[in-house]
Structure formats: C-alpha cells, structure tokens
$ cat structure27.pdb   # PDB, C-alpha atoms
ATOM      1  CA  MET B   4       4.076  16.154   2.739
ATOM      2  CA  TYR B   5       4.205  16.462   6.538
ATOM      3  CA  GLU B   6       4.448  20.254   6.352
ATOM      4  CA  ASP B   7       1.269  20.285   4.252
ATOM      5  CA  ARG B   8      -0.620  18.239   6.864
ATOM      6  CA  TYR B   9       0.608  20.517   9.639
ATOM      7  CA  TYR B  10      -0.412  23.600   7.652
ATOM      8  CA  ARG B  11      -3.886  22.245   6.910
ATOM      9  CA  ARG B  12      -4.412  21.292  10.561
ATOM     10  CA  GLN B  13      -3.390  24.788  11.685
ATOM     11  CA  MET B  14      -5.693  26.399   9.134
ATOM     12  CA  ARG B  15      -8.622  24.243  10.262
ATOM     13  CA  ARG B  16      -8.097  25.501  13.795
ATOM     14  CA  ARG B  17      -8.080  29.132  12.669
ATOM     15  CA  TYR B  18     -10.991  28.847  10.242
ATOM     16  CA  ARG B  19     -14.389  28.616  11.887
ATOM     17  CA  ASN B  20     -16.688  26.445   9.793
ATOM     18  CA  PRO B  21     -20.343  27.587   9.779
ATOM     19  CA  LEU B  22     -21.538  23.962   9.868
ATOM     20  CA  GLY B  23     -20.889  23.909  13.626
ATOM     21  CA  GLY B  24     -23.511  26.586  14.157
ATOM     22  CA  LEU B  25     -25.833  24.778  11.777
ATOM     23  CA  ALA B  26     -25.552  21.646  13.924
ATOM     24  CA  VAL B  27     -26.665  23.573  17.015
ATOM     25  CA  GLY B  28     -29.560  25.064  15.056
ATOM     26  CA  ILE B  29     -30.651  21.621  13.862
ATOM     27  CA  PHE B  30     -30.591  20.335  17.444
ATOM     28  CA  ILE B  31     -32.784  23.194  18.681
ATOM     29  CA  ILE B  32     -35.232  22.841  15.783
ATOM     30  CA  GLY B  33     -35.370  19.046  16.261
ATOM     31  CA  LEU B  34     -36.047  19.483  19.967
ATOM     32  CA  ALA B  35     -38.843  21.986  19.225
ATOM     33  CA  PHE B  36     -40.390  19.616  16.644
ATOM     34  CA  ALA B  37     -40.145  16.733  19.115
ATOM     35  CA  PHE B  38     -42.063  18.672  21.768
ATOM     36  CA  TYR B  39     -44.638  20.007  19.288
ATOM     37  CA  PHE B  40     -45.392  16.700  17.545
ATOM     38  CA  SER B  41     -45.404  14.713  20.794
ATOM     39  CA  LYS B  42     -48.214  16.912  22.133
ATOM     40  CA  THR B  43     -50.091  16.831  18.839
ATOM     41  CA  PHE B  44     -49.928  13.083  18.205
ATOM     42  CA  GLY B  45     -50.113  11.704  21.732
ATOM     43  CA  GLY B  46     -46.447  11.668  22.750
ATOM     44  CA  ASN B  47     -45.328   8.674  20.675
ATOM     45  CA  LEU B  48     -43.090  10.688  18.367
ATOM     46  CA  PHE B  49     -40.939  12.502  20.924
ATOM     47  CA  LEU B  50     -37.998  10.073  20.996
ATOM     48  CA  PRO B  51     -37.952   9.243  17.241
ATOM     49  CA  ILE B  52     -37.908  12.933  16.317
ATOM     50  CA  LEU B  53     -35.348  13.726  19.028
ATOM     51  CA  PHE B  54     -32.999  10.945  17.863
ATOM     52  CA  ALA B  55     -33.423  11.936  14.196
ATOM     53  CA  GLY B  56     -32.549  15.543  15.086
ATOM     54  CA  LEU B  57     -29.527  14.351  17.060
ATOM     55  CA  ALA B  58     -28.447  12.204  14.096
ATOM     56  CA  PHE B  59     -28.372  15.180  11.740
ATOM     57  CA  CYS B  60     -26.754  17.296  14.442
ATOM     58  CA  SER B  61     -23.997  14.679  14.742
ATOM     59  CA  LEU B  62     -23.479  14.592  10.983
ATOM     60  CA  PHE B  63     -23.238  18.363  10.528
ATOM     61  CA  GLY B  64     -21.209  18.849  13.691
ATOM     62  CA  SER B  65     -18.603  16.323  12.595
ATOM     63  CA  ALA B  66     -18.507  17.845   9.114
ATOM     64  CA  SER B  67     -17.612  21.171  10.731
ATOM     65  CA  SER B  68     -14.343  19.667  12.002
ATOM     66  CA  GLY B  69     -12.972  19.645   8.460
ATOM     67  CA  ASP B  70     -11.335  16.272   9.054
ATOM     68  CA  PRO B  71     -12.287  13.172   7.022
ATOM     69  CA  LYS B  72     -11.827  10.972  10.091
ATOM     70  CA  GLY B  73     -14.131  13.244  12.066
ATOM     71  CA  LEU B  74     -16.776  13.083   9.358
ATOM     72  CA  TYR B  75     -16.451   9.296   9.309
ATOM     73  CA  GLY B  76     -17.131   9.274  13.064
ATOM     74  CA  GLY B  77     -20.144  11.482  12.395
ATOM     75  CA  LEU B  78     -21.427   8.938   9.866
ATOM     76  CA  GLN B  79     -21.179   6.239  12.529
ATOM     77  CA  GLY B  80     -23.062   8.422  15.015
ATOM     78  CA  PHE B  81     -25.671   9.282  12.381
ATOM     79  CA  THR B  82     -26.193   5.576  11.669
ATOM     80  CA  TRP B  83     -26.716   4.656  15.314
ATOM     81  CA  LEU B  84     -28.953   7.590  16.186
ATOM     82  CA  MET B  85     -31.161   6.969  13.144
ATOM     83  CA  GLY B  86     -31.296   3.291  14.128
ATOM     84  CA  LEU B  87     -32.509   4.270  17.595
ATOM     85  CA  ALA B  88     -35.087   6.603  16.060
ATOM     86  CA  LEU B  89     -36.303   3.738  13.854
ATOM     87  CA  CYS B  90     -36.530   1.366  16.818
ATOM     88  CA  PHE B  91     -38.535   3.847  18.892
ATOM     89  CA  LEU B  92     -40.789   4.628  15.924
ATOM     90  CA  ILE B  93     -41.555   0.998  15.055
ATOM     91  CA  GLY B  94     -41.319  -0.365  18.571
ATOM     92  CA  PHE B  95     -39.735  -3.611  17.376
ATOM     93  CA  TRP B  96     -36.239  -3.921  18.855
ATOM     94  CA  PRO B  97     -34.717  -6.539  16.540
ATOM     95  CA  TRP B  98     -34.457  -3.634  14.054
ATOM     96  CA  ILE B  99     -31.405  -2.545  16.069
ATOM     97  CA  LEU B 100     -29.520  -5.080  13.917
ATOM     98  CA  LEU B 101     -29.920  -2.708  10.961
ATOM     99  CA  PRO B 102     -27.529  -0.057  12.374
ATOM    100  CA  VAL B 103     -25.196  -2.874  13.442
ATOM    101  CA  VAL B 104     -24.969  -4.105   9.838
ATOM    102  CA  VAL B 105     -24.596  -0.579   8.429
ATOM    103  CA  SER B 106     -21.879   0.136  11.001
ATOM    104  CA  ILE B 107     -19.983  -3.008   9.964
ATOM    105  CA  ILE B 108     -20.222  -1.986   6.307
ATOM    106  CA  LEU B 109     -18.960   1.512   7.141
ATOM    107  CA  ALA B 110     -16.050  -0.016   9.069
ATOM    108  CA  ALA B 111     -15.128  -2.146   6.058
ATOM    109  CA  LEU B 112     -15.208   0.935   3.826
ATOM    110  CA  TYR B 113     -13.247   3.191   6.210
ATOM    111  CA  SER B 114     -10.230   3.708   3.966
ATOM    112  CA  PRO B 115     -12.149   4.420   0.721
ATOM    113  CA  ILE B 116     -14.519   6.765   2.539
ATOM    114  CA  THR B 117     -11.820   8.857   4.197
ATOM    115  CA  THR B 118      -9.545   9.025   1.129
ATOM    116  CA  GLY B 119     -12.534   9.865  -1.059
ATOM    117  CA  MET B 120     -13.517  12.715   1.240
ATOM    118  CA  ASN B 121      -9.932  13.918   1.322
ATOM    119  CA  ASN B 122      -9.621  13.939  -2.478
ATOM    120  CA  THR B 123     -12.935  15.606  -3.307
ATOM    121  CA  GLY B 124     -11.957  18.962  -1.870
ATOM    122  CA  PHE B 125     -15.010  18.957   0.387
ATOM    123  CA  MET B 126     -12.673  19.254   3.340
ATOM    124  CA  ALA B 127     -10.597  21.967   1.685
ATOM    125  CA  VAL B 128      -9.066  24.628   3.867
ATOM    126  CA  PRO B 129      -9.539  28.223   2.677
ATOM    127  CA  PRO B 130      -6.425  29.826   1.173
ATOM    128  CA  SER B 131      -4.271  32.005   3.352
ATOM    129  CA  ASN B 132      -1.913  34.880   2.665
ATOM    130  CA  GLN B 133       0.845  33.145   4.594
ATOM    131  CA  PRO B 134       3.002  30.425   3.077
ATOM    132  CA  PRO B 135       3.251  27.160   5.007
ATOM    133  CA  PRO B 136       6.048  27.139   7.594
ATOM    134  CA  GLN B 137       9.311  25.577   6.425
ATOM    135  CA  GLN B 138      10.883  22.991   8.642
ATOM    136  CA  TYR B 139      14.524  21.994   8.729
ATOM    137  CA  GLN B 140      15.076  18.420   7.635
ATOM    138  CA  GLN B 141      18.388  16.629   7.999
ATOM    139  CA  PRO B 142      19.599  14.435   5.153
ATOM    140  CA  TYR B 143      18.727  10.774   5.445
ATOM    141  CA  GLN B 144      21.403   8.378   6.674
ATOM    142  CA  GLN B 145      20.973   4.647   6.415
ATOM    143  CA  TYR B 146      20.755   2.787   9.689
ATOM    144  CA  GLN B 147      23.478   0.292   8.788
ATOM    145  CA  GLN B 148      26.012   3.106   8.764
ATOM    146  CA  GLY B 149      25.201   4.113  12.306
ATOM    147  CA  TYR B 150      25.270   7.699  13.438
ATOM    148  CA  GLN B 151      27.927   9.730  11.712
ATOM    149  CA  PRO B 152      28.178  13.374  12.686
ATOM    150  CA  PRO B 153      28.478  15.790   9.782
ATOM    151  CA  PRO B 154      32.095  16.554   8.851
ATOM    152  CA  GLN B 155      33.501  19.765  10.258
ATOM    153  CA  ALA B 156      36.531  21.721   9.240
ATOM    154  CA  PRO B 157      39.226  21.958  11.929
ATOM    155  CA  GLY B 158      38.800  24.964  14.152
ATOM    156  CA  THR B 159      35.036  25.181  13.601
ATOM    157  CA  TYR B 160      31.961  24.260  15.569
ATOM    158  CA  GLN B 161      28.303  23.916  14.692
ATOM    159  CA  GLU B 162      25.498  25.721  16.471
ATOM    160  CA  GLY B 163      21.900  26.047  15.336
ATOM    161  CA  GLY B 164      22.654  24.321  12.036
ATOM    162  CA  GLN B 165      25.374  26.851  11.059
ATOM    163  CA  GLN B 166      29.153  26.559  11.061
ATOM    164  CA  TYR B 167      31.234  29.019  13.090
ATOM    165  CA  GLN B 168      34.987  29.380  13.529
ATOM    166  CA  TYR B 169      36.601  29.541  16.903
ATOM    167  CA  PRO B 170      37.990  33.003  17.700
ATOM    168  CA  PRO B 171      41.773  33.216  17.321
ATOM    169  CA  GLN B 172      43.650  32.611  20.550
ATOM    170  CA  PRO B 173      46.649  34.779  21.440
ATOM    171  CA  LYS B 174      49.932  32.883  21.380
ATOM    172  CA  GLN B 175      51.222  32.276  24.852
ATOM    173  CA  GLU B 176      54.896  31.975  25.534
ATOM    174  CA  HIS B 177      54.628  29.287  28.122
ATOM    175  CA  ASP B 178      52.564  26.711  26.305
ATOM    176  CA  GLN B 179      54.954  23.870  27.172
ATOM    177  CA  PRO B 180      55.333  22.819  30.754
ATOM    178  CA  GLN B 181      58.742  23.593  32.212
ATOM    179  CA  GLU B 182      60.844  20.959  33.863
ATOM    180  CA  GLN B 183      61.015  21.352  37.562
ATOM    181  CA  PRO B 184      64.446  21.193  39.168
ATOM    182  CA  PRO B 185      64.911  17.978  41.071
ATOM    183  CA  GLN B 186      64.186  18.357  44.693
ATOM    184  CA  GLN B 187      66.928  17.534  47.065
ATOM    185  CA  GLN B 188      66.224  14.680  49.307
ATOM    186  CA  GLU B 189      66.953  15.053  52.949
ATOM    187  CA  MET B 190      69.364  12.642  54.308
ATOM    188  CA  PRO B 191      68.425  10.994  57.496
ATOM    189  CA  PRO B 192      70.794  11.935  60.287
ATOM    190  CA  GLN B 193      73.492   9.363  60.770
ATOM    191  CA  GLN B 194      74.041   7.847  64.094
ATOM    192  CA  GLN B 195      77.427   7.914  65.609
TER     193      GLN B 195
END
$ encode --input "structure27.pdb" --output "structure tokens"
Amino acid sequence: MYEDRYYRRQMRRRYRNPLGGLAVGIFIIGLAFAFYFSKTFGGNLFLPILFAGLAFCSLFGSASSGDPKGLYGGLQGFTWLMGLALCFLIGFWPWILLPVVVSIILAALYSPITTGMNNTGFMAVPPSNQPPPQQYQQPYQQYQQGYQPPPQAPGTYQEGGQQYQYPPQPKQEHDQPQEQPPQQQEMPPQQQ
C-alpha cells in the first residue's frame, strides 16, 4: 500500500501534466479579455473578468498537480475567486457570504470529494515500464513482547539483512593464561 503511494507520487513528479500550461493560457486570455472589455464597457468589468480568469486558472493549475488534495484546494480557491468576481460585478458586498457558505460545505465534504477523485481514475498516473521499487519490511512484533533481536546461529553475524559466518580463527597454543611464578619478597634488613 505504502509502496504504491510512493510510486504514484514519484510518477506524478516525472510526468508533466498539460493542464499546468492550460492554466497559464487561461490566465493570459482572461487578462486580455479583462483589458479589452474594460475599455469597451467603461472599465466596470475589469476586476470581475480578472477574478473569473484567476478562478479557472486556479482550478486547472491545481488539477495539474495530479493530487486529490491539491484539486480540493483548487476548488476552494475557485470558490473564493468567483465570489470576489461576483461581488465586484454586483457591487453588493454581503454577497461575500455566498463563498463563505460554499467553502463551509466543501469543508464538510472534504473526505467524500478527495476519495471520489481518487477512485475515479481522473488522477491516474500514466503507466511506466519500470516496476514499483520494492522495500524491505521487517516482520511485525507486538509491543508487549518488547524488542527481541532475530535469532542467530552461533558463530554468525548479520549485516545488511543477510547472515554471514565469522571466518575460522587459527588455533593458538597459548589460549590459557600461564601462572606466573611467585615473586620473592625482599626481606627488610635486620638490625643487629
């Protein structure tokens, strides 16, 4: 399970989604429309068109991440930028409560939204010729047992997850310590 997440994250980094470029294109087109329509209609539409273009740019840019959580953040940004566009278009600021309510609803539906996006395959990573990397996993030990090192045969050691035997040692003749002869004590000179 964890290897699959790691593999998908690595593939998302390698794969360049074209939606990122689409987001930049939408921003440039929205900015051009904002300048054009503001001159044509007296300048009242510049900010609503700019914020609407930024809203779609946020949505497509977050979709290019390939992550359901990123797309959810893009939905939140889309909601707020469209709310600002609506407020500048109407000119009545209590309408800002509309994106607040939609944002609260999106927050309540966070888990169904992200799992639904994950299960639809919309965020699928393109197949690769390489299999996912295998990771070494130690067997599970219950906590009540405490740490117990894996059993080893005598004369072996473990390194890098593999067992090795110690090289044979040549037999030495003087393995046992020899008794030292008792040292003679010097007698103090006697006085006469």
$ resolve_selection --input "structure27.pdb" --expression "the PyMOL selection byres ((chain B and resi 82) around 8)" --output "JSON list (two decimals) with C-alpha atoms, keeping the file's coordinate frame"
[["chain", "number", "residue", "atom", "x", "y", "z"],
["B", 58, "ALA", "CA", -28.45, 12.20, 14.10],
["B", 78, "LEU", "CA", -21.43, 8.94, 9.87],
["B", 79, "GLN", "CA", -21.18, 6.24, 12.53],
["B", 80, "GLY", "CA", -23.06, 8.42, 15.02],
["B", 81, "PHE", "CA", -25.67, 9.28, 12.38],
["B", 83, "TRP", "CA", -26.72, 4.66, 15.31],
["B", 84, "LEU", "CA", -28.95, 7.59, 16.19],
["B", 85, "MET", "CA", -31.16, 6.97, 13.14],
["B", 86, "GLY", "CA", -31.30, 3.29, 14.13],
["B", 102, "PRO", "CA", -27.53, -0.06, 12.37],
["B", 105, "VAL", "CA", -24.60, -0.58, 8.43],
["B", 106, "SER", "CA", -21.88, 0.14, 11.00]]
$ atom_distance --input "structure27.pdb" --atom1 "CA of Tyr113 (chain B)" --atom2 "CA of Leu92 (chain B)"
29.2 Å
$ atom_distance --input "structure27.pdb" --atom1 "CA of Pro97 (chain B)" --atom2 "CA of Leu50 (chain B)"
17.5 Å
$ resolve_selection --input "structure27.pdb" --expression "the PyMOL selection byres ((chain B and resi 170) around 12)" --output "MDAnalysis selection string"
chainID B and resid 158:160 167:169 171:173
$ atom_distance --input "structure27.pdb" --atom1 "CA of Ile116 (chain B)" --atom2 "CA of Val104 (chain B)"
16.8 Å
$ resolve_selection --input "structure27.pdb" --expression "the PyMOL selection byres ((chain B and resi 26) around 10)" --output "PyMOL selection string"
chain B and resi 21-25+27-32+56-67
$ axis_aligned_box --input "structure27.pdb" --around "region 95-99 of chain B" --padding-each-side "4 Å" --output "AutoDock Vina command-line options"
--center_x -35.6 --center_y -4.5 --center_z 16.5 --size_x 16.3 --size_y 12.0 --size_z 12.8
$ residues_around --input "structure27.pdb" --residues "Asn47 (chain B)" --least-positions-apart "6" --cutoff "9 Å" --atoms "all atoms listed in the file" --output "list in words"
Phe40, Ser41, Phe91 and Leu92 of chain B
$ decode --input "structure27.pdb" --residues "region 36-50 of chain B" --atoms "all heavy atoms" --output "short mmCIF file (atom, residue, chain, number, x, y, z; two decimals), in the first residue's frame"
data_model
loop_
_atom_site.label_atom_id
_atom_site.label_comp_id
_atom_site.auth_asym_id
_atom_site.auth_seq_id
_atom_site.Cartn_x
_atom_site.Cartn_y
_atom_site.Cartn_z
N PHE B 36 -8.96 39.57 -21.99
CA PHE B 36 -10.40 39.88 -22.00
C PHE B 36 -10.72 41.00 -21.01
O PHE B 36 -11.54 41.86 -21.28
CB PHE B 36 -11.23 38.65 -21.67
CG PHE B 36 -11.46 37.72 -22.83
CD1 PHE B 36 -12.01 36.47 -22.60
CD2 PHE B 36 -11.16 38.08 -24.13
CE1 PHE B 36 -12.24 35.60 -23.65
CE2 PHE B 36 -11.39 37.22 -25.18
CZ PHE B 36 -11.93 35.97 -24.94
N ALA B 37 -10.07 40.95 -19.84
CA ALA B 37 -10.34 41.98 -18.83
C ALA B 37 -9.96 43.37 -19.36
O ALA B 37 -10.72 44.33 -19.19
CB ALA B 37 -9.59 41.67 -17.55
N PHE B 38 -8.81 43.47 -20.01
CA PHE B 38 -8.41 44.77 -20.55
C PHE B 38 -9.31 45.19 -21.70
O PHE B 38 -9.72 46.35 -21.80
CB PHE B 38 -6.95 44.74 -21.03
CG PHE B 38 -5.95 44.91 -19.93
CD1 PHE B 38 -5.02 43.92 -19.67
CD2 PHE B 38 -5.94 46.07 -19.17
CE1 PHE B 38 -4.09 44.08 -18.66
CE2 PHE B 38 -5.01 46.23 -18.16
CZ PHE B 38 -4.08 45.23 -17.89
N TYR B 39 -9.67 44.26 -22.58
CA TYR B 39 -10.50 44.59 -23.74
C TYR B 39 -11.89 45.03 -23.32
O TYR B 39 -12.38 46.08 -23.75
CB TYR B 39 -10.58 43.39 -24.70
CG TYR B 39 -11.51 43.65 -25.86
CD1 TYR B 39 -11.13 44.48 -26.91
CD2 TYR B 39 -12.78 43.08 -25.90
CE1 TYR B 39 -11.98 44.73 -27.97
CE2 TYR B 39 -13.64 43.32 -26.94
CZ TYR B 39 -13.24 44.15 -27.98
OH TYR B 39 -14.09 44.40 -29.02
N PHE B 40 -12.55 44.23 -22.45
CA PHE B 40 -13.93 44.56 -22.08
C PHE B 40 -14.00 45.74 -21.12
O PHE B 40 -15.03 46.41 -21.03
CB PHE B 40 -14.63 43.34 -21.47
CG PHE B 40 -15.02 42.32 -22.50
CD1 PHE B 40 -14.45 41.07 -22.49
CD2 PHE B 40 -15.93 42.62 -23.50
CE1 PHE B 40 -14.79 40.13 -23.44
CE2 PHE B 40 -16.29 41.69 -24.45
CZ PHE B 40 -15.71 40.43 -24.43
N SER B 41 -12.94 46.02 -20.38
CA SER B 41 -12.97 47.20 -19.51
C SER B 41 -12.92 48.48 -20.33
O SER B 41 -13.54 49.48 -19.97
CB SER B 41 -11.82 47.16 -18.51
OG SER B 41 -10.59 47.34 -19.16
N LYS B 42 -12.20 48.47 -21.44
CA LYS B 42 -12.17 49.65 -22.31
C LYS B 42 -13.49 49.79 -23.07
O LYS B 42 -13.97 50.88 -23.29
CB LYS B 42 -11.01 49.55 -23.30
CG LYS B 42 -9.66 49.78 -22.67
CD LYS B 42 -8.58 49.74 -23.73
CE LYS B 42 -7.23 49.95 -23.07
NZ LYS B 42 -6.13 49.89 -24.04
N THR B 43 -14.06 48.66 -23.47
CA THR B 43 -15.28 48.70 -24.27
C THR B 43 -16.49 49.13 -23.45
O THR B 43 -17.30 49.92 -23.91
CB THR B 43 -15.55 47.30 -24.88
OG1 THR B 43 -14.39 46.89 -25.60
CG2 THR B 43 -16.74 47.33 -25.82
N PHE B 44 -16.59 48.63 -22.22
CA PHE B 44 -17.79 48.88 -21.43
C PHE B 44 -17.54 49.83 -20.26
O PHE B 44 -18.23 49.78 -19.25
CB PHE B 44 -18.38 47.57 -20.91
CG PHE B 44 -18.87 46.66 -22.01
CD1 PHE B 44 -18.17 45.51 -22.34
CD2 PHE B 44 -20.00 46.99 -22.74
CE1 PHE B 44 -18.61 44.69 -23.35
CE2 PHE B 44 -20.44 46.17 -23.75
CZ PHE B 44 -19.74 45.02 -24.07
N GLY B 45 -16.58 50.67 -20.33
CA GLY B 45 -16.39 51.72 -19.34
C GLY B 45 -15.56 51.32 -18.14
O GLY B 45 -15.55 52.05 -17.15
N GLY B 46 -14.88 50.22 -18.13
CA GLY B 46 -13.97 49.87 -17.05
C GLY B 46 -14.60 49.19 -15.85
O GLY B 46 -13.93 48.95 -14.86
N ASN B 47 -15.89 48.90 -15.89
CA ASN B 47 -16.53 48.25 -14.74
C ASN B 47 -16.34 46.74 -14.72
O ASN B 47 -16.62 46.11 -13.70
CB ASN B 47 -18.03 48.55 -14.72
CG ASN B 47 -18.31 50.01 -14.47
OD1 ASN B 47 -17.44 50.74 -14.00
ND2 ASN B 47 -19.52 50.44 -14.81
N LEU B 48 -15.89 46.16 -15.79
CA LEU B 48 -15.78 44.70 -15.86
C LEU B 48 -14.36 44.18 -15.67
O LEU B 48 -14.15 42.97 -15.75
CB LEU B 48 -16.32 44.20 -17.21
CG LEU B 48 -17.81 44.40 -17.43
CD1 LEU B 48 -18.20 43.90 -18.81
CD2 LEU B 48 -18.60 43.65 -16.38
N PHE B 49 -13.40 45.07 -15.44
CA PHE B 49 -12.01 44.61 -15.35
C PHE B 49 -11.82 43.61 -14.21
O PHE B 49 -11.33 42.49 -14.42
CB PHE B 49 -11.05 45.80 -15.18
CG PHE B 49 -9.62 45.37 -15.09
CD1 PHE B 49 -8.92 45.00 -16.22
CD2 PHE B 49 -8.96 45.32 -13.86
CE1 PHE B 49 -7.60 44.59 -16.15
CE2 PHE B 49 -7.65 44.90 -13.77
CZ PHE B 49 -6.96 44.55 -14.92
N LEU B 50 -12.19 43.99 -13.00
CA LEU B 50 -11.96 43.09 -11.85
C LEU B 50 -12.82 41.83 -11.88
O LEU B 50 -12.32 40.74 -11.57
CB LEU B 50 -12.15 43.86 -10.54
CG LEU B 50 -11.01 44.82 -10.20
CD1 LEU B 50 -11.32 45.59 -8.94
CD2 LEU B 50 -9.71 44.08 -10.05
#
